[in-house]
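S.K.: Structure incoming, see below.
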Amino acid sequence: MSSAQDEFFEAIVRDFAIVYDKEEPVAAIATQTFDVVGTQLIGGNSALPQNLPEQWKRKSLSLLKRRIMICGNVHTWGPHGVAIAAGQDHQRVWQGIAECLYRIRRANRLHGQVDYVIVKDLLESDPLDASALEPFRYRSMETEPNMVLSLHPQWQSMDDYLGSLTKRYRAAARKVKKPFDCDTLSVSPIENLRDESDRILELYKAVAAKADVCLFELNITTLPRIAESLDDDFETIGIRENGLLIGYVTVIRDGETAIGFYLGMDYEANARLPVYHALLLAVIEQAIRWRCKRISFGRTALEAKSRLGCKPETVHVWVRHRVPLLNFVVHQLLKNVNHDEPPERNPFKDANNETLP
């Protein structure tokens with residue numbers, strides 16, 4: 001990591017606020033403000049001209065710098081920036097949230113002028129309707145969907161889930177699991193994350209390095225601290241080859257929803273073994289064990305997740321530039337933003353997941 005990136009990683013400013021209606025608290029807000037340079041926005045699949053010398057590309061990108069305030073969590077996806085109290089008029093409360101975000105932005109001017117305010121990631125199924133932000137010059141952008149697997153209440157085990165699949169998809173899933181049925185490979189929970197924190201971070205960075213956009217990396221203590229805080233609502237499942245950790249996935253239980261969270265992987269091992277797909281199946285098995293009703297797999301790898309039975313859930317972010325004229329430009333640009341759509345697949349024996357083994 002370059003010294004410039006070190007500086008940006010350390011410069012994140014966190015703010016928390018409560019919105020009141022007279023003396024009653026009606027909403028809580030969490031924001032993160034930080035600088036971003038072009039090198040953090042262009043991943044390995046960059047569309048920049050390939051014939052340019054690497055040092056020229058890096059130098060040009062390093063000159064592109066913007067300050068962003070996110071209402072949410074830059075380290076992960078999901079609606080983590082706003083909580084509205086039950087029974088409130090959301091349209092009215094969002095007006096207060098917009099005012100609150102404005103005040104936070106103004107209060108932090110000593111740290112630098114904020115160019116963009118982003119409210120992320122609002123799910124279509126979530127009651128947090130943010131359309132009231134439009135009069136405040138926020139513009140909505142649809143991102144890649146959240147892939148959600150609904151779990152049938154009669155699925156008591158992984159065999160039940162596999163039995164609900166059609167012959168083709170069941171055979172594919174069993175083909176993924178088959179290599180791990182041997183003495184040299186194992187799939188099991190990691191009991192103490194601190195003991196293996198170096199390897200866990202190494203595998204996480206291998207995945208993060210392939211991302212098109214990587215704003216911040218995790219700290220070596222992040223996952224151990226999450227595990228200690230969430231206790232029984234957090235699980236880390238690891239895959240080992242001859243005792244060496246070659247992949248892992250973390251799962252969070254949030255009420256009746258299991259969330260496939262951070263993932264790390266050895267790509268050389270994945271070239272020989274279906275490590276990634278085995279981790280996805282491990283999330284399903286853990287969610288069934290927890291008796292959850294659904295799994296939120298997040299974005300990316302839409303094809304692989306659709307083969308498991310996941311369906312897309314629309315996700316939006318709301319963006320505002322501090323300069324009114326540039327808000328018009330942002331609005332026009334957002335009209336042209338493309339994102340991948342998952343293929344239409346139904347791997348189950350019937351459309352309602354009702355045919356069980």
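Residue names in the structure tokens use chain letters A, B, ... in the order shown, residue numbers from 1 in each chain, and ligand numbers from 1 in the order shown.
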Check stretch 47-294 of chain A with DSSP on the backbone and list each residue it calls alpha helix (DSSP H), as a PyMOL selection string.

M.R.: chain A and resi 54-62+90-107+158-163+167-177+197-208+222-230+267-272+275-290

S.K.: Leaving out A:Asn192 and any residue of its chain fewer than 4 positions from it, which residues lie within 12 Å of it when counting only C-alpha atoms, given as a list in words?

M.R.: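 Selected residues are Glu196, Ser197, Ile200, Leu223, Pro224, Arg225, Ala227, Glu228, Asp231, Glu235, Thr236, Ile237 and Gly238 of chain A.
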
S.K.: Excluding same-chain residues fewer than 5 positions from stretch 341-351 of chain A, what lies within 8 Å of it counting only C-alpha atoms, as a list of chain:residue names?

M.R.: A:Glu144, A:Pro145, A:Ser164, A:Leu165, A:Thr166, A:Tyr169, A:Leu302, A:Glu303, A:Ser306, A:Arg307, A:Leu308, A:Gly309, A:Pro312

S.K.: Counting only C-alpha atoms, figure out which residue out of A:Ile68, A:Leu110, A:Val93, A:Val249 gets nearest to A:Ala27.

M.R.: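 Among the listed residues, the smallest separation from A:Ala27 belongs to A:Val93.
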
S.K.: Leaving out A:Val117 and any residue of its chain fewer than 3 positions from it, which residues lie within 8 Å of it when counting only C-alpha atoms, given as number ranges by chain?

M.R.: A: 68-71, 114, 319-322

S.K.: Identify all residues of stretch 228-344 of chain A in strand (DSSP E or B) (DSSP on the backbone) and supply them as a ChimeraX atom specification.

M.R.: /A:234-241,244-254,257-265,294-296,311-313,315-321

S.K.: Which distance in Å separates atom CA of A:Ile239 and atom CA of A:Leu280, to one decimal?

M.R.: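 Straight-line distance from atom CA of A:Ile239 to atom CA of A:Leu280 works out to 11.7 Å.
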
S.K.: Can you work out which one of A:Tyr116, A:Phe297, A:Trp155, A:Tyr248 has the shortest atom-to-atom distance to A:Gly78, counting only C-alpha atoms?

M.R.: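 Of A:Tyr116, A:Phe297, A:Trp155, A:Tyr248, the one nearest A:Gly78 is A:Phe297, counting only C-alpha atoms.
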
S.K.: How far is it from atom CA of A:Cys100 to atom CA of A:Val26, in Å with one decimal?

M.R.: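 Those two atoms sit 12.3 Å apart.
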
S.K.: With distances taken over only C-alpha atoms, which residue among A:Ala206, A:Asn242, A:Leu149, A:Leu193 lies nearest A:Thr222?

M.R.: A:Leu193

S.K.: Between A:Val82, A:Asp159, A:Ala17, A:Asp129, single out the one closest to A:Arg103, counting only C-alpha atoms.

M.R.: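 Of A:Val82, A:Asp159, A:Ala17, A:Asp129, the one nearest A:Arg103 is A:Ala17, counting only C-alpha atoms.
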
S.K.: For A:Ala269, which of A:Arg289, A:Ala301, A:Arg240, A:Glu256 is the closest residue, counting only C-alpha atoms?

M.R.: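 Distance minimum relative to A:Ala269 lands on A:Arg240.
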
S.K.: List as a list in words the protein and nucleic acid residues near A:Gln156, meaning an atom at most 12 Å away when only C-alpha atoms are counted, but skip any in the same chain fewer than 2 places from it.

M.R.: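 After dropping sequence-adjacent residues, the list is Leu151, His152, Pro153, Gln154, Met158, Asp159, Asp160, Tyr161, Leu162, Gly163, Ser164, Ile284, Glu285, Gln286, Ala287, Ile288, Arg289, Trp290, Arg291, Cys292, Lys293, Leu356 and Pro357 of chain A.
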
S.K.: Give the answer as one residue: which of A:Arg106, A:His90, A:His111, A:Lys120 has the shortest atom-to-atom distance to A:Gly72, using only C-alpha atoms?

M.R.: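 Closest candidate: A:Lys120.
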
S.K.: Find the residues around A:Val317 up to 9 Å (only C-alpha atoms counted), leave out those fewer than 4 positions away in its own chain, and share them as a CSV table (one decimal) with N, CA, C and O atoms, in the first residue's frame.

M.R.:
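In the end it all went to around.csv:
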chain,number,residue,atom,x,y,z
A,118,ILE,N,-23.6,10.9,-0.1
A,118,ILE,CA,-24.2,9.6,-0.7
A,118,ILE,C,-25.0,8.9,0.5
A,118,ILE,O,-24.4,8.7,1.5
A,119,VAL,N,-26.2,8.6,0.2
A,119,VAL,CA,-27.0,7.8,1.2
A,119,VAL,C,-27.1,6.4,0.6
A,119,VAL,O,-27.6,6.2,-0.5
A,120,LYS,N,-26.5,5.4,1.3
A,120,LYS,CA,-26.5,4.1,0.7
A,120,LYS,C,-26.8,3.1,1.9
A,120,LYS,O,-26.8,3.4,3.0
A,121,ASP,N,-27.2,1.9,1.5
A,121,ASP,CA,-27.7,1.3,0.3
A,121,ASP,C,-29.2,1.0,0.7
A,121,ASP,O,-29.4,0.2,1.5
A,122,LEU,N,-30.1,1.6,0.0
A,122,LEU,CA,-31.5,1.5,0.4
A,122,LEU,C,-32.2,0.4,-0.5
A,122,LEU,O,-32.1,0.4,-1.7
A,139,ARG,N,-30.2,12.7,-6.0
A,139,ARG,CA,-30.6,11.9,-7.2
A,139,ARG,C,-30.4,10.4,-6.9
A,139,ARG,O,-29.4,10.0,-6.3
A,140,SER,N,-31.4,9.6,-7.3
A,140,SER,CA,-31.3,8.1,-7.0
A,140,SER,C,-30.6,7.4,-8.1
A,140,SER,O,-30.7,7.7,-9.3
A,141,MET,N,-29.8,6.4,-7.7
A,141,MET,CA,-29.0,5.6,-8.7
A,141,MET,C,-29.2,4.1,-8.3
A,141,MET,O,-29.0,3.8,-7.2
A,142,GLU,N,-29.7,3.3,-9.2
A,142,GLU,CA,-29.8,1.9,-9.0
A,142,GLU,C,-28.5,1.2,-9.2
A,142,GLU,O,-27.8,1.4,-10.2
A,143,THR,N,-28.1,0.4,-8.2
A,143,THR,CA,-26.8,-0.3,-8.3
A,143,THR,C,-27.1,-1.8,-8.6
A,143,THR,O,-28.2,-2.2,-8.8

S.K.: Name the residues in contact with A:Leu218 at a cut-off of 9 Å, using only C-alpha atoms, excluding same-chain residues fewer than 3 positions from it; report them as a PDB file with all heavy atoms, in the first residue's frame.

M.R.:
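Result file out.pdb:
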ATOM      1  N   HIS A  75     -17.331   0.289   4.386  1.00  0.00           N
ATOM      2  CA  HIS A  75     -16.651  -0.995   4.428  1.00  0.00           C
ATOM      3  C   HIS A  75     -17.524  -2.150   3.955  1.00  0.00           C
ATOM      4  O   HIS A  75     -17.027  -3.256   3.736  1.00  0.00           O
ATOM      5  CB  HIS A  75     -16.173  -1.303   5.851  1.00  0.00           C
ATOM      6  CG  HIS A  75     -15.072  -0.399   6.308  1.00  0.00           C
ATOM      7  ND1 HIS A  75     -15.292   0.669   7.139  1.00  0.00           N
ATOM      8  CD2 HIS A  75     -13.750  -0.396   6.034  1.00  0.00           C
ATOM      9  CE1 HIS A  75     -14.144   1.288   7.374  1.00  0.00           C
ATOM     10  NE2 HIS A  75     -13.197   0.673   6.706  1.00  0.00           N
ATOM     11  N   LEU A 201      -6.612 -11.948   7.121  1.00  0.00           N
ATOM     12  CA  LEU A 201      -6.450 -10.665   6.444  1.00  0.00           C
ATOM     13  C   LEU A 201      -5.797 -10.851   5.073  1.00  0.00           C
ATOM     14  O   LEU A 201      -6.165 -10.184   4.099  1.00  0.00           O
ATOM     15  CB  LEU A 201      -5.611  -9.724   7.300  1.00  0.00           C
ATOM     16  CG  LEU A 201      -5.460  -8.286   6.768  1.00  0.00           C
ATOM     17  CD1 LEU A 201      -6.825  -7.609   6.690  1.00  0.00           C
ATOM     18  CD2 LEU A 201      -4.516  -7.481   7.650  1.00  0.00           C
ATOM     19  N   TYR A 204      -8.474 -12.032   2.720  1.00  0.00           N
ATOM     20  CA  TYR A 204      -9.406 -10.924   2.456  1.00  0.00           C
ATOM     21  C   TYR A 204      -8.806  -9.959   1.432  1.00  0.00           C
ATOM     22  O   TYR A 204      -9.473  -9.528   0.478  1.00  0.00           O
ATOM     23  CB  TYR A 204      -9.732 -10.178   3.744  1.00  0.00           C
ATOM     24  CG  TYR A 204     -10.299  -8.802   3.491  1.00  0.00           C
ATOM     25  CD1 TYR A 204     -11.621  -8.636   3.087  1.00  0.00           C
ATOM     26  CD2 TYR A 204      -9.499  -7.664   3.607  1.00  0.00           C
ATOM     27  CE1 TYR A 204     -12.134  -7.362   2.816  1.00  0.00           C
ATOM     28  CE2 TYR A 204      -9.995  -6.402   3.349  1.00  0.00           C
ATOM     29  CZ  TYR A 204     -11.315  -6.252   2.955  1.00  0.00           C
ATOM     30  OH  TYR A 204     -11.801  -5.012   2.679  1.00  0.00           O
ATOM     31  N   LYS A 205      -7.523  -9.613   1.595  1.00  0.00           N
ATOM     32  CA  LYS A 205      -6.877  -8.676   0.681  1.00  0.00           C
ATOM     33  C   LYS A 205      -6.781  -9.242  -0.726  1.00  0.00           C
ATOM     34  O   LYS A 205      -6.823  -8.490  -1.709  1.00  0.00           O
ATOM     35  CB  LYS A 205      -5.491  -8.305   1.205  1.00  0.00           C
ATOM     36  CG  LYS A 205      -5.517  -7.363   2.403  1.00  0.00           C
ATOM     37  CD  LYS A 205      -4.111  -6.939   2.787  1.00  0.00           C
ATOM     38  CE  LYS A 205      -4.139  -5.897   3.895  1.00  0.00           C
ATOM     39  NZ  LYS A 205      -2.771  -5.446   4.261  1.00  0.00           N
ATOM     40  N   THR A 221      -7.804  -6.459  13.058  1.00  0.00           N
ATOM     41  CA  THR A 221      -8.647  -6.776  14.221  1.00  0.00           C
ATOM     42  C   THR A 221     -10.139  -6.672  13.936  1.00  0.00           C
ATOM     43  O   THR A 221     -10.947  -6.974  14.815  1.00  0.00           O
ATOM     44  CB  THR A 221      -8.320  -5.838  15.394  1.00  0.00           C
ATOM     45  OG1 THR A 221      -8.626  -4.478  15.013  1.00  0.00           O
ATOM     46  CG2 THR A 221      -6.851  -5.935  15.787  1.00  0.00           C
ATOM     47  N   THR A 222     -10.516  -6.269  12.715  1.00  0.00           N
ATOM     48  CA  THR A 222     -11.932  -6.005  12.430  1.00  0.00           C
ATOM     49  C   THR A 222     -12.816  -7.230  12.659  1.00  0.00           C
ATOM     50  O   THR A 222     -13.780  -7.189  13.433  1.00  0.00           O
ATOM     51  CB  THR A 222     -12.114  -5.503  10.988  1.00  0.00           C
ATOM     52  OG1 THR A 222     -11.353  -4.320  10.791  1.00  0.00           O
ATOM     53  CG2 THR A 222     -13.588  -5.206  10.714  1.00  0.00           C
ATOM     54  N   LEU A 223     -12.514  -8.332  11.992  1.00  0.00           N
ATOM     55  CA  LEU A 223     -13.364  -9.515  12.106  1.00  0.00           C
ATOM     56  C   LEU A 223     -13.341 -10.123  13.507  1.00  0.00           C
ATOM     57  O   LEU A 223     -14.399 -10.516  14.024  1.00  0.00           O
ATOM     58  CB  LEU A 223     -12.980 -10.549  11.045  1.00  0.00           C
ATOM     59  CG  LEU A 223     -13.262 -10.133   9.595  1.00  0.00           C
ATOM     60  CD1 LEU A 223     -12.894 -11.256   8.631  1.00  0.00           C
ATOM     61  CD2 LEU A 223     -14.712  -9.727   9.404  1.00  0.00           C
TER      62      LEU A 223
END
